$ cat start.txt   # compact mmCIF, C-alpha atoms and all ligand atoms
# COMPACT_ATOMS: atom_id res chain seq x y z
CA MET H 22 0.00 0.00 0.00
CA ILE H 23 1.31 3.37 -0.98
CA ALA H 24 0.65 6.58 0.97
CA VAL H 25 1.79 10.05 -0.01
CA HIS H 26 1.77 12.54 2.86
CA PHE H 27 2.19 16.28 2.30
CA GLY H 28 4.03 17.98 5.19
CA ALA H 29 6.91 16.20 6.95
CA GLY H 30 6.56 18.54 9.94
CA ASN H 31 5.59 17.90 13.54
CA ILE H 32 2.22 16.22 13.08
CA GLY H 33 3.25 14.71 9.72
CA ARG H 34 6.18 12.76 11.13
CA GLY H 35 4.95 12.55 14.73
CA PHE H 36 1.46 11.23 14.00
CA ILE H 37 0.10 10.70 10.47
CA GLY H 38 3.26 9.29 8.84
CA ALA H 39 3.91 7.16 11.91
CA ILE H 40 0.42 5.64 12.09
CA LEU H 41 0.40 4.93 8.32
CA SER H 42 3.82 3.29 8.37
CA GLN H 43 2.75 1.12 11.31
CA ALA H 44 -0.36 0.13 9.35
CA GLY H 45 1.86 -1.25 6.58
CA TYR H 46 1.96 1.68 4.15
CA GLU H 47 5.08 2.71 2.30
CA VAL H 48 5.01 6.41 3.22
CA THR H 49 6.41 9.09 0.91
CA PHE H 50 6.59 12.50 2.57
CA VAL H 51 6.33 15.51 0.27
CA ASP H 52 7.79 18.71 1.67
CA ILE H 53 9.79 21.78 0.69
CA ASN H 54 12.33 21.36 3.50
CA GLU H 55 15.32 19.87 1.63
CA GLU H 56 17.24 18.93 4.77
CA VAL H 57 14.35 16.83 6.08
CA ILE H 58 13.76 15.21 2.68
CA GLN H 59 17.44 14.31 2.31
CA ALA H 60 17.57 12.81 5.80
CA LEU H 61 14.43 10.74 5.12
CA ASN H 62 15.97 9.36 1.92
CA GLU H 63 19.33 8.64 3.52
CA ARG H 64 17.88 6.76 6.49
CA ASN H 65 14.39 5.62 5.42
CA GLN H 66 13.42 5.67 9.08
CA TYR H 67 13.09 7.96 12.10
CA GLU H 68 12.28 7.83 15.81
CA VAL H 69 9.09 8.86 17.57
CA GLU H 70 9.46 9.23 21.34
CA LEU H 71 6.59 9.48 23.80
CA ALA H 72 6.67 12.62 25.97
CA SER H 73 5.96 10.66 29.16
CA ASP H 74 7.73 8.91 32.02
CA SER H 75 8.45 5.90 29.84
CA LYS H 76 10.03 7.86 26.93
CA LYS H 77 9.08 4.82 24.85
CA THR H 78 10.65 5.11 21.41
CA THR H 79 9.28 3.62 18.19
CA ILE H 80 11.25 3.36 14.97
CA ILE H 81 9.11 4.38 11.99
CA THR H 82 10.32 2.50 8.91
CA ASP H 83 9.66 2.35 5.16
CA VAL H 84 9.59 6.13 4.74
CA LYS H 85 11.09 8.36 2.06
CA GLY H 86 10.72 11.90 0.83
CA ILE H 87 10.32 14.09 -2.25
CA ASN H 88 11.03 17.80 -2.40
CA SER H 89 8.05 19.18 -4.31
CA GLU H 90 9.94 22.31 -5.37
CA LYS H 91 12.90 20.37 -6.79
CA ASP H 92 11.14 17.29 -8.13
CA PRO H 93 7.50 18.11 -8.97
CA ASP H 94 7.35 15.31 -11.58
CA LYS H 95 8.37 12.69 -9.03
CA VAL H 96 5.52 13.88 -6.78
CA ILE H 97 3.00 13.51 -9.65
CA GLU H 98 4.37 10.05 -10.46
CA LYS H 99 3.95 8.89 -6.85
CA LEU H 100 0.51 10.48 -6.47
CA ALA H 101 -0.69 8.61 -9.55
CA GLN H 102 0.05 5.29 -7.79
CA ALA H 103 -1.05 6.21 -4.26
CA ASP H 104 -3.79 4.35 -2.38
CA LEU H 105 -3.96 7.15 0.16
CA ILE H 106 -3.00 10.83 0.03
CA THR H 107 -2.91 12.80 3.29
CA THR H 108 -1.89 16.34 4.23
CA ALA H 109 -0.74 18.15 7.37
CA VAL H 110 0.65 21.38 5.98
CA GLY H 111 -1.66 23.96 7.56
CA PRO H 112 -5.02 25.19 6.22
CA ASN H 113 -3.47 28.14 4.36
CA ILE H 114 -1.09 25.87 2.43
CA LEU H 115 -3.74 23.51 1.02
CA LYS H 116 -4.26 25.72 -2.02
CA PHE H 117 -0.55 25.40 -2.86
CA VAL H 118 -0.48 21.58 -2.77
CA ALA H 119 -3.77 21.30 -4.70
CA LYS H 120 -2.22 21.71 -8.15
CA SER H 121 0.23 18.85 -7.80
CA ILE H 122 -2.51 16.60 -6.37
CA ALA H 123 -4.72 17.52 -9.36
CA ASP H 124 -1.85 16.72 -11.75
CA GLY H 125 -1.26 13.41 -9.98
CA LEU H 126 -4.95 12.50 -10.23
CA LYS H 127 -5.02 13.39 -13.95
CA LYS H 128 -2.03 11.13 -14.54
CA ARG H 129 -3.74 8.43 -12.50
CA LEU H 130 -6.84 8.58 -14.74
CA LYS H 131 -4.63 7.67 -17.71
CA THR H 132 -3.00 4.68 -16.04
CA THR H 133 -5.45 3.05 -13.60
CA ASN H 134 -9.03 3.11 -12.44
CA SER H 135 -8.24 1.76 -8.99
CA PHE H 136 -9.77 3.47 -5.95
CA GLY H 137 -7.93 5.97 -3.79
CA ASN H 138 -8.66 8.36 -0.93
CA ILE H 139 -7.53 11.82 0.07
CA ILE H 140 -7.68 12.99 3.70
CA ALA H 141 -6.66 16.45 4.91
CA CYS H 142 -5.46 16.29 8.52
CA GLU H 143 -5.65 19.96 9.42
CA ASN H 144 -7.26 21.88 12.28
CA MET H 145 -10.28 23.13 10.40
CA ILE H 146 -13.89 22.24 9.76
CA GLY H 147 -14.31 20.59 6.34
CA GLY H 148 -10.56 20.42 5.65
CA THR H 149 -10.76 17.73 2.96
CA ALA H 150 -13.81 19.36 1.35
CA HIS H 151 -11.81 22.58 1.12
CA LEU H 152 -8.84 20.73 -0.39
CA GLN H 153 -11.20 19.07 -2.89
CA GLU H 154 -12.50 22.49 -3.99
CA GLU H 155 -8.93 23.69 -4.49
CA ILE H 156 -8.02 20.55 -6.47
CA GLU H 157 -11.13 20.90 -8.67
CA LYS H 158 -9.98 24.37 -9.77
CA TYR H 159 -7.40 22.49 -11.89
CA LEU H 160 -9.82 19.92 -13.38
CA ASN H 161 -12.33 20.10 -16.24
CA GLU H 162 -15.86 18.72 -15.86
CA GLN H 163 -14.96 15.37 -17.40
CA GLU H 164 -11.96 14.92 -15.12
CA LYS H 165 -13.99 15.93 -12.05
CA GLU H 166 -16.61 13.32 -12.88
CA ALA H 167 -14.08 10.55 -13.51
CA ILE H 168 -12.16 11.38 -10.32
CA ALA H 169 -15.34 11.53 -8.23
CA LYS H 170 -15.99 7.87 -9.18
CA ILE H 171 -12.67 6.54 -7.90
CA ILE H 172 -11.35 9.02 -5.33
CA GLY H 173 -12.90 9.48 -1.87
CA PHE H 174 -12.57 12.81 -0.03
CA PRO H 175 -13.48 12.13 3.63
CA ASN H 176 -13.06 14.91 6.18
CA SER H 177 -11.17 14.16 9.36
CA ALA H 178 -10.24 15.43 12.83
CA VAL H 179 -6.76 14.86 14.24
CA ASP H 180 -5.62 15.36 17.80
CA ARG H 181 -2.12 14.95 19.21
CA ILE H 182 -0.01 17.73 20.70
CA VAL H 183 3.31 17.84 18.87
CA PRO H 184 5.34 20.94 19.80
CA ILE H 185 8.19 22.45 17.78
CA GLN H 186 11.06 19.99 18.08
CA GLU H 187 14.41 20.81 19.59
CA GLN H 188 16.14 17.51 18.94
CA LYS H 189 19.75 16.86 17.97
CA ASP H 190 18.38 14.42 15.42
CA LEU H 191 16.54 16.39 12.73
CA LEU H 192 13.98 13.64 12.11
CA LYS H 193 13.23 12.56 15.68
CA VAL H 194 9.88 13.70 17.10
CA SER H 195 8.67 13.77 20.68
CA VAL H 196 4.88 13.45 20.92
CA GLU H 197 2.34 13.25 23.72
CA PRO H 198 0.99 9.72 24.33
CA PHE H 199 -2.63 10.76 23.60
CA PHE H 200 -3.85 10.61 20.01
CA GLU H 201 -7.14 10.64 18.14
CA TRP H 202 -7.76 10.49 14.37
CA VAL H 203 -11.42 10.45 13.34
CA VAL H 204 -12.41 9.89 9.70
CA GLU H 205 -15.73 10.30 7.91
CA GLU H 206 -16.45 6.72 6.87
CA GLU H 207 -19.16 7.18 4.26
CA LYS H 208 -16.95 9.21 1.96
CA LEU H 209 -14.22 6.56 1.76
CA LYS H 210 -13.97 4.92 -1.67
CA GLY H 211 -13.11 1.30 -2.50
CA ASP H 212 -12.22 -1.49 -0.16
CA PHE H 213 -10.36 0.79 2.25
CA PRO H 214 -8.33 -1.23 4.78
CA LYS H 215 -9.09 0.11 8.25
CA ILE H 216 -6.03 1.81 9.76
CA PRO H 217 -5.45 0.62 13.34
CA GLY H 218 -5.88 3.52 15.77
CA VAL H 219 -8.27 5.48 13.51
CA THR H 220 -11.93 5.92 14.48
CA TYR H 221 -14.47 5.88 11.64
CA VAL H 222 -17.73 7.79 12.04
CA LYS H 223 -20.81 8.51 9.96
CA ASP H 224 -21.05 12.21 10.79
CA LEU H 225 -17.78 14.00 11.49
CA ILE H 226 -19.21 17.41 12.40
CA PRO H 227 -19.78 16.70 16.14
CA TYR H 228 -16.25 15.25 16.41
CA ILE H 229 -14.41 18.04 14.62
CA GLU H 230 -16.40 20.68 16.51
CA ARG H 231 -15.80 18.93 19.82
CA LYS H 232 -12.06 18.83 19.09
CA LEU H 233 -11.65 22.29 17.58
CA TYR H 234 -13.93 24.00 20.10
CA THR H 235 -12.38 22.30 23.12
CA VAL H 236 -8.71 21.36 22.55
CA ASN H 237 -7.97 24.23 20.16
CA THR H 238 -10.23 26.81 21.85
CA GLY H 239 -8.56 25.98 25.17
CA HIS H 240 -5.13 26.14 23.56
CA ALA H 241 -5.81 29.47 21.80
CA VAL H 242 -7.20 31.16 24.91
CA THR H 243 -4.21 29.85 26.93
CA ALA H 244 -1.84 31.19 24.27
CA TYR H 245 -3.27 34.69 23.84
CA VAL H 246 -4.12 35.38 27.48
CA GLY H 247 -0.85 33.77 28.67
CA TYR H 248 1.23 35.74 26.17
CA ASP H 249 -0.48 38.92 27.30
CA LYS H 250 0.77 38.12 30.82
CA GLY H 251 4.34 37.69 29.56
CA LEU H 252 4.38 33.87 29.87
CA GLN H 253 6.17 31.57 27.43
CA THR H 254 4.82 28.05 27.39
CA VAL H 255 1.43 26.37 27.55
CA LYS H 256 2.37 24.67 30.82
CA GLU H 257 3.36 27.97 32.45
CA ALA H 258 0.20 29.66 31.23
CA ILE H 259 -2.29 26.94 32.21
CA GLU H 260 -0.76 26.86 35.70
CA HIS H 261 -1.23 30.64 36.09
CA PRO H 262 -4.45 31.08 38.15
CA GLU H 263 -5.80 34.06 36.17
CA VAL H 264 -5.14 32.43 32.79
CA ARG H 265 -6.60 29.14 33.96
CA LYS H 266 -9.79 30.82 35.16
CA ILE H 267 -10.36 32.35 31.71
CA VAL H 268 -9.50 29.10 29.88
CA GLU H 269 -11.80 27.05 32.12
CA GLY H 270 -14.53 29.67 31.68
CA ALA H 271 -14.17 29.54 27.89
CA LEU H 272 -14.35 25.73 27.95
CA GLN H 273 -17.50 25.82 30.07
CA GLU H 274 -18.97 28.12 27.43
CA THR H 275 -18.05 25.82 24.52
CA SER H 276 -19.26 22.88 26.60
CA SER H 277 -22.70 24.45 26.96
CA LEU H 278 -22.79 24.93 23.18
CA LEU H 279 -21.57 21.43 22.27
CA THR H 280 -23.82 19.64 24.75
CA ALA H 281 -26.81 21.69 23.55
CA GLN H 282 -26.07 21.04 19.87
CA TYR H 283 -25.06 17.38 20.00
CA SER H 284 -25.98 14.49 22.20
CA PHE H 285 -22.76 14.60 24.22
CA ASP H 286 -23.18 13.47 27.79
CA LYS H 287 -22.40 16.44 30.08
CA GLU H 288 -20.35 14.37 32.53
CA GLU H 289 -18.35 12.69 29.77
CA HIS H 290 -17.67 16.07 28.22
CA GLN H 291 -16.41 17.35 31.58
CA THR H 292 -14.01 14.39 31.72
CA TYR H 293 -12.90 15.24 28.16
CA ILE H 294 -12.15 18.83 29.29
CA SER H 295 -10.22 17.69 32.39
CA LYS H 296 -8.14 15.33 30.27
CA ILE H 297 -7.30 18.18 27.88
CA LEU H 298 -6.24 20.49 30.70
CA SER H 299 -3.97 17.75 32.04
CA ARG H 300 -2.49 17.34 28.54
CA PHE H 301 -1.67 21.07 28.56
CA GLU H 302 0.18 20.50 31.89
CA ASN H 303 2.38 17.67 30.54
CA GLN H 304 5.78 18.19 32.20
CA TYR H 305 7.58 16.42 29.37
CA ILE H 306 6.38 18.91 26.75
CA SER H 307 7.59 22.46 26.31
CA ASP H 308 5.11 24.00 23.90
CA GLU H 309 5.68 27.67 23.07
CA LEU H 310 2.64 29.97 23.25
CA THR H 311 3.82 31.44 19.94
CA ARG H 312 3.34 28.04 18.22
CA VAL H 313 -0.10 27.57 19.71
CA GLY H 314 -1.08 31.17 18.93
CA ARG H 315 0.41 31.10 15.41
CA SER H 316 -1.63 32.65 12.57
CA PRO H 317 -4.06 34.68 14.72
CA ILE H 318 -6.00 35.90 11.65
CA ARG H 319 -6.80 32.28 10.71
CA LYS H 320 -7.71 31.55 14.33
CA LEU H 321 -10.15 34.50 14.40
CA GLY H 322 -11.97 33.18 11.32
CA TYR H 323 -15.77 32.83 11.20
CA ASP H 324 -15.84 29.06 11.84
CA ASP H 325 -12.60 28.74 13.76
CA ARG H 326 -12.02 27.98 17.47
CA LEU H 327 -12.81 31.42 18.97
CA VAL H 328 -15.38 33.27 16.89
CA GLY H 329 -17.08 30.03 15.75
CA PRO H 330 -18.36 28.94 19.19
CA ALA H 331 -18.78 32.53 20.49
CA ARG H 332 -21.15 33.58 17.70
CA LYS H 333 -23.08 30.30 17.94
CA LEU H 334 -23.55 30.84 21.68
CA ILE H 335 -24.99 34.28 20.98
CA GLU H 336 -27.34 32.68 18.45
CA ILE H 337 -28.75 30.47 21.24
CA GLY H 338 -29.13 33.41 23.61
CA LYS H 339 -25.96 33.02 25.70
CA THR H 340 -23.23 35.56 26.37
CA PRO H 341 -19.70 34.20 25.77
CA GLU H 342 -17.87 36.39 28.31
CA TYR H 343 -14.70 34.28 28.54
CA LEU H 344 -14.45 33.56 24.82
CA ALA H 345 -14.78 37.30 24.21
CA THR H 346 -11.87 37.87 26.62
CA GLY H 347 -9.82 35.31 24.64
CA ILE H 348 -10.71 37.05 21.36
CA ALA H 349 -9.74 40.43 22.84
CA ALA H 350 -6.36 38.95 23.89
CA ALA H 351 -5.89 37.57 20.36
CA LEU H 352 -6.48 41.06 18.96
CA ASN H 353 -3.78 42.31 21.33
CA TYR H 354 -1.24 39.62 20.29
CA HIS H 355 2.03 41.30 19.31
CA TYR H 356 4.68 38.91 18.05
CA ASP H 357 6.89 40.19 15.29
CA GLN H 358 8.04 36.75 14.05
CA ASP H 359 4.50 35.82 13.02
CA PRO H 360 3.43 37.51 9.76
CA GLU H 361 -0.29 37.23 10.61
CA ALA H 362 0.27 38.78 14.06
CA VAL H 363 2.08 41.69 12.41
CA GLN H 364 -0.71 42.10 9.84
CA LEU H 365 -3.34 41.95 12.59
CA ALA H 366 -1.58 44.60 14.70
CA ILE H 367 -1.56 46.94 11.69
CA LEU H 368 -5.25 46.25 11.07
CA VAL H 369 -6.12 47.02 14.71
CA LYS H 370 -4.10 50.24 14.58
CA GLU H 371 -5.75 51.38 11.34
CA GLN H 372 -9.34 50.21 11.88
CA GLY H 373 -9.75 49.87 15.64
CA ILE H 374 -11.07 46.73 17.36
CA PRO H 375 -14.56 46.64 15.77
CA GLY H 376 -13.16 47.21 12.26
CA ALA H 377 -10.31 44.70 12.61
CA LEU H 378 -12.46 41.99 14.20
CA SER H 379 -15.18 42.49 11.62
CA LYS H 380 -12.63 42.15 8.82
CA VAL H 381 -10.97 38.94 10.07
CA SER H 382 -14.12 37.22 11.34
CA ASP H 383 -16.58 38.26 8.60
CA LEU H 384 -19.02 39.46 11.28
CA PRO H 385 -20.66 42.88 10.80
CA GLU H 386 -19.32 45.61 13.09
CA GLN H 387 -22.80 45.85 14.69
CA HIS H 388 -22.74 42.16 15.72
CA SER H 389 -23.12 41.80 19.49
CA LEU H 390 -19.96 39.67 19.66
CA VAL H 391 -17.94 42.50 18.12
CA GLN H 392 -19.40 44.86 20.71
CA LEU H 393 -18.71 42.46 23.59
CA VAL H 394 -15.08 41.94 22.46
CA THR H 395 -14.62 45.70 22.14
CA GLU H 396 -15.72 46.10 25.77
CA LYS H 397 -13.38 43.31 26.92
CA TYR H 398 -10.49 44.81 24.97
CA ALA H 399 -11.03 48.16 26.69
CA GLN H 400 -10.94 46.40 30.07
N1 LIG V 501 1.41 20.09 15.90
C1 LIG V 501 0.25 19.76 16.41
O1 LIG V 501 0.10 19.63 17.65
C2 LIG V 501 -0.94 19.51 15.52
C3 LIG V 501 -1.95 18.63 15.99
C4 LIG V 501 -3.08 18.40 15.20
C5 LIG V 501 -3.17 19.01 13.96
N2 LIG V 501 -2.16 19.83 13.53
C6 LIG V 501 -2.36 20.43 12.21
O2 LIG V 501 -1.43 19.84 11.30
C7 LIG V 501 -1.03 20.81 10.35
C8 LIG V 501 0.49 20.92 10.37
O3 LIG V 501 0.90 21.36 11.65
P1 LIG V 501 2.37 21.08 12.20
O4 LIG V 501 2.35 21.46 13.63
O5 LIG V 501 2.83 19.72 11.83
O6 LIG V 501 3.19 22.20 11.39
P2 LIG V 501 4.69 22.14 10.89
O7 LIG V 501 5.06 23.51 10.53
O8 LIG V 501 5.54 21.38 11.85
O9 LIG V 501 4.59 21.24 9.55
C9 LIG V 501 4.14 21.70 8.32
C10 LIG V 501 5.04 21.14 7.25
O10 LIG V 501 4.50 21.51 5.97
C11 LIG V 501 5.58 21.82 5.14
N3 LIG V 501 5.15 22.61 4.00
C12 LIG V 501 4.93 23.94 3.92
N4 LIG V 501 4.55 24.29 2.67
C13 LIG V 501 4.53 23.15 1.96
C14 LIG V 501 4.22 22.85 0.61
N5 LIG V 501 3.87 23.80 -0.27
N6 LIG V 501 4.31 21.57 0.19
C15 LIG V 501 4.66 20.58 1.06
N7 LIG V 501 4.96 20.82 2.35
C16 LIG V 501 4.90 22.08 2.78
C17 LIG V 501 6.58 22.53 6.05
O11 LIG V 501 7.89 22.58 5.48
C18 LIG V 501 6.48 21.71 7.30
O12 LIG V 501 7.42 20.62 7.29
C19 LIG V 501 -1.75 22.10 10.72
O13 LIG V 501 -2.96 22.19 10.00
C20 LIG V 501 -2.05 21.91 12.18
O14 LIG V 501 -3.17 22.64 12.60
C21 LIG V 501 -1.06 20.09 14.27
O1 LIG V 502 -2.17 23.95 14.64
P1 LIG V 502 -2.96 25.20 14.89
O2 LIG V 502 -2.17 26.42 14.59
O3 LIG V 502 -4.30 25.18 14.23
O4 LIG V 502 -3.28 25.22 16.46
C1 LIG V 502 -2.24 25.20 17.39
C2 LIG V 502 -2.47 24.09 18.40
O5 LIG V 502 -3.63 24.37 19.13
C3 LIG V 502 -2.62 22.73 17.72
O6 LIG V 502 -1.57 22.45 16.85
C4 LIG V 502 -2.73 21.60 18.77
O7 LIG V 502 -1.48 21.33 19.32
C5 LIG V 502 -3.32 20.35 18.15
O8 LIG V 502 -4.47 20.64 17.44
C6 LIG V 502 -3.57 19.28 19.15
O9 LIG V 502 -4.26 18.23 18.53
$ encode --input "start.txt" --output "structure tokens"
Amino acid sequence: MIAVHFGAGNIGRGFIGAILSQAGYEVTFVDINEEVIQALNERNQYEVELASDSKKTTIITDVKGINSEKDPDKVIEKLAQADLITTAVGPNILKFVAKSIADGLKKRLKTTNSFGNIIACENMIGGTAHLQEEIEKYLNEQEKEAIAKIIGFPNSAVDRIVPIQEQKDLLKVSVEPFFEWVVEEEKLKGDFPKIPGVTYVKDLIPYIERKLYTVNTGHAVTAYVGYDKGLQTVKEAIEHPEVRKIVEGALQETSSLLTAQYSFDKEEHQTYISKILSRFENQYISDELTRVGRSPIRKLGYDDRLVGPARKLIEIGKTPEYLATGIAAALNYHYDQDPEAVQLAILVKEQGIPGALSKVSDLPEQHSLVQLVTEKYAQ
């Protein structure tokens, strides 16, 4: 079985590539980082270490790499043969990998009519559907129809905290023990062999919303409020009483939304929240707030982890006080190494809080969430 995975970064090597290799796939990573690609091709293996007491290490084998900038034809060749194509490049990069996936699928149509599947493993709602739209921009009607018959595009939700690595070995990754990969079963095409460790569900929406609006909401609020207080890591921030109070408050707010919208058991959801907070406290992980808060404009998007649940709570008559505090902290996030943070700071300076928030979230300036955040920002 052949898998092509775009993005040999933290989650690519530390989770998706690892789980696919262990399931018996030959995994080809596609990336633009030449050093990583060279190392993958020299060694054809790398280590994944658990960030826990045990430090259990697993050797991930049967892996190689292609640099998509240097060898685009090799990528197309491999994609044409792949049983499974996955991505973990970041939502904003999907449009850049779409062309080579489209070229690979076109080549595939000429050589085989065997089934294949494409799964985007990004922190966003409808990640694969978005990737599909981007791929289809490069296909004509006939190609779209032929590809729709043999290629499945299931959405997915992935959860495993993998911080930026500071290893002597360029390929080694330290990951938290917890992991969850949920895939939309009905959209899979062909006789797809179940990947051990993956959960298959009929309707992904409750799962991706539960993950994005709990793990990632909690993370984002920790990052922006913690950074505002001059803290550096997730562990430091979540152990700071004032930060923790706001994070816990925000998670109670998303909990009231999720348990009202879906049939999640309230007690089970509380256990889910407690588990997440303990994952943030992992003493074996040093996760920078600047990684977790990266790309604040994306994170303030309409459906994303902050504005998404906050506006939905308002729709059901609730006031998201803590989420609004988190959004206000995001609008006050000044980090000059992050291009989106720089862009956001300029937007806030030029248009004020209502104008900037309206622009990045697509909410009208008169929206009550924009007003609430403006009040919190002033405080
Ligand atoms: N790290 C985590 O804890 C985590 C957990 C769950 C989901 N995710 C999601 O996974 C995705 C990747 O996150 P990450 O933390 O692994 O980031 P990362 O920066 O470590 O990895 C991204 C990789 O994509 C590569 N890349 C960039 N442009 C590319 C292109 N045009 N073609 C091919 N490769 C390209 C980069 O070189 C890098 O190796 C994001 O959507 C993130 O939200 C991350
Ligand atoms: O990857 P982002 O930028 O969408 O979000 C940052 C973190 O919250 C995220 O990477 C988490 O570590 C991950 O989603 C845990 O499963």
$ atom_distance --input "start.txt" --atom1 "atom C15 of ligand LIG 501 (chain V)" --atom2 "CA of Ser89 (chain H)"
6.5 Å
$ closest_atom_pairs --input "start.txt" --of "region 36-90 of chain H" --to "region 217-221 of chain H" --cutoff "9 Å" --atoms "all atoms listed in the file" --output "JSON lines"
{"residue": "H:Ile40", "atom": "CA", "partner": "H:Gly218", "partner_atom": "CA", "distance": 7.6}
{"residue": "H:Leu41", "atom": "CA", "partner": "H:Pro217", "partner_atom": "CA", "distance": 8.8}
{"residue": "H:Gln43", "atom": "CA", "partner": "H:Pro217", "partner_atom": "CA", "distance": 8.5}
{"residue": "H:Ala44", "atom": "CA", "partner": "H:Pro217", "partner_atom": "CA", "distance": 6.5}
$ residues_around --input "start.txt" --residues "region 312-325 of chain H" --least-positions-apart "5" --cutoff "7 Å" --atoms "all atoms listed in the file" --output "ChimeraX atom specification"
/H:145,240-241,244-245,351,359,361-362,365,381-383
$ closest_residue --input "start.txt" --among "H:Gly338, H:Pro375, H:Pro330, H:Gly86" --to "Leu278 (chain H)" --atoms "only C-alpha atoms"
H:Pro330
$ closest_atom_pairs --input "start.txt" --of "region 279-320 of chain H" --to "region 226-230 of chain H" --cutoff "10 Å" --atoms "all atoms listed in the file" --output "Markdown table"
| residue | atom | partner | partner_atom | distance |
| --- | --- | --- | --- | --- |
| H:Leu279 | CA | H:Glu230 | CA | 7.8 |
| H:Thr280 | CA | H:Pro227 | CA | 10.0 |
| H:Gln282 | CA | H:Pro227 | CA | 8.5 |
| H:Tyr283 | CA | H:Pro227 | CA | 6.6 |
| H:Ser284 | CA | H:Pro227 | CA | 8.9 |
| H:Phe285 | CA | H:Pro227 | CA | 8.9 |
$ residues_around --input "start.txt" --residues "Gln304 (chain H)" --least-positions-apart "6" --cutoff "12 Å" --atoms "all atoms listed in the file" --output "VMD selection string"
chain H and resid 72 to 74 197 254 to 257 259 to 260
$ closest_residue --input "start.txt" --among "H:Glu166, H:Asp52, H:Asp180, H:Glu143" --to "Val96 (chain H)" --atoms "all atoms listed in the file"
H:Asp52
$ residues_around --input "start.txt" --residues "Ser195 (chain H)" --least-positions-apart "6" --cutoff "12 Å" --atoms "all atoms listed in the file" --output "number ranges by chain"
H: 30-32, 34-36, 39, 67-73, 76-79, 181-189, 305-308
$ axis_aligned_box --input "start.txt" --around "ligand LIG 501 (chain V)" --padding-each-side "6 Å" --output "AutoDock Vina command-line options"
--center_x 2.4 --center_y 21.3 --center_z 8.7 --size_x 23.1 --size_y 17.9 --size_z 29.9
$ closest_residue --input "start.txt" --among "H:Gly211, H:Gly148, H:Gly251, H:Pro175" --to "ligand LIG 501 (chain V)" --atoms "only C-alpha atoms and all ligand atoms"
H:Gly148
$ atom_distance --input "start.txt" --atom1 "CA of Phe301 (chain H)" --atom2 "CA of Glu396 (chain H)"
28.8 Å
$ residues_near_point --input "start.txt" --point "(2.3, 41.7, 22.0)" --cutoff "10 Å" --atoms "all atoms listed in the file" --output "list in words"
Tyr245, Tyr248, Asp249, Lys250, Gly251, Ala350, Ala351, Leu352, Asn353, Tyr354, His355, Tyr356, Asp357, Ala362, Val363 and Ala366 of chain H
$ residues_around --input "start.txt" --residues "Asn237 (chain H)" --least-positions-apart "2" --cutoff "9 Å" --atoms "all atoms listed in the file" --output "PyMOL selection string"
chain H and resi 144+232-235+239-242+313+326-327
$ atom_distance --input "start.txt" --atom1 "CA of Lys116 (chain H)" --atom2 "CA of Pro93 (chain H)"
15.6 Å
$ residues_around --input "start.txt" --residues "Ser295 (chain H)" --least-positions-apart "3" --cutoff "12 Å" --atoms "only C-alpha atoms" --output "compact mmCIF listing (two decimals) with C-alpha atoms, in the frame of the given file"
# COMPACT_ATOMS: atom_id res chain seq x y z
CA THR H 235 -12.38 22.30 23.12
CA VAL H 236 -8.71 21.36 22.55
CA GLY H 239 -8.56 25.98 25.17
CA VAL H 268 -9.50 29.10 29.88
CA GLU H 269 -11.80 27.05 32.12
CA LEU H 272 -14.35 25.73 27.95
CA GLN H 273 -17.50 25.82 30.07
CA SER H 276 -19.26 22.88 26.60
CA GLU H 288 -20.35 14.37 32.53
CA GLU H 289 -18.35 12.69 29.77
CA HIS H 290 -17.67 16.07 28.22
CA GLN H 291 -16.41 17.35 31.58
CA THR H 292 -14.01 14.39 31.72
CA LEU H 298 -6.24 20.49 30.70
CA SER H 299 -3.97 17.75 32.04
CA ARG H 300 -2.49 17.34 28.54
CA PHE H 301 -1.67 21.07 28.56
CA GLU H 302 0.18 20.50 31.89
$ closest_residue --input "start.txt" --among "H:Leu105, H:Leu192, H:Cys142, H:Asp286" --to "Gly173 (chain H)" --atoms "all atoms listed in the file"
H:Leu105
$ closest_residue --input "start.txt" --among "H:Ile58, H:Val179, H:Ala150, H:Ala24" --to "Thr107 (chain H)" --atoms "all atoms listed in the file"
H:Ala24
$ closest_residue --input "start.txt" --among "H:Ala399, H:Asn303, H:Thr346, H:Ile337" --to "Glu263 (chain H)" --atoms "only C-alpha atoms"
H:Thr346
$ residues_near_point --input "start.txt" --point "(3.8, 2.2, 1.4)" --cutoff "12 Å" --atoms "only C-alpha atoms" --output "compact mmCIF listing (two decimals) with C-alpha atoms, in the coordinates of the input"
# COMPACT_ATOMS: atom_id res chain seq x y z
CA MET H 22 0.00 0.00 0.00
CA ILE H 23 1.31 3.37 -0.98
CA ALA H 24 0.65 6.58 0.97
CA VAL H 25 1.79 10.05 -0.01
CA HIS H 26 1.77 12.54 2.86
CA GLY H 38 3.26 9.29 8.84
CA ALA H 39 3.91 7.16 11.91
CA ILE H 40 0.42 5.64 12.09
CA LEU H 41 0.40 4.93 8.32
CA SER H 42 3.82 3.29 8.37
CA GLN H 43 2.75 1.12 11.31
CA ALA H 44 -0.36 0.13 9.35
CA GLY H 45 1.86 -1.25 6.58
CA TYR H 46 1.96 1.68 4.15
CA GLU H 47 5.08 2.71 2.30
CA VAL H 48 5.01 6.41 3.22
CA THR H 49 6.41 9.09 0.91
CA PHE H 50 6.59 12.50 2.57
CA ASN H 65 14.39 5.62 5.42
CA THR H 82 10.32 2.50 8.91
CA ASP H 83 9.66 2.35 5.16
CA VAL H 84 9.59 6.13 4.74
CA LYS H 85 11.09 8.36 2.06
CA GLY H 86 10.72 11.90 0.83
CA LYS H 99 3.95 8.89 -6.85
CA LEU H 100 0.51 10.48 -6.47
CA GLN H 102 0.05 5.29 -7.79
CA ALA H 103 -1.05 6.21 -4.26
CA ASP H 104 -3.79 4.35 -2.38
CA LEU H 105 -3.96 7.15 0.16
CA ILE H 106 -3.00 10.83 0.03
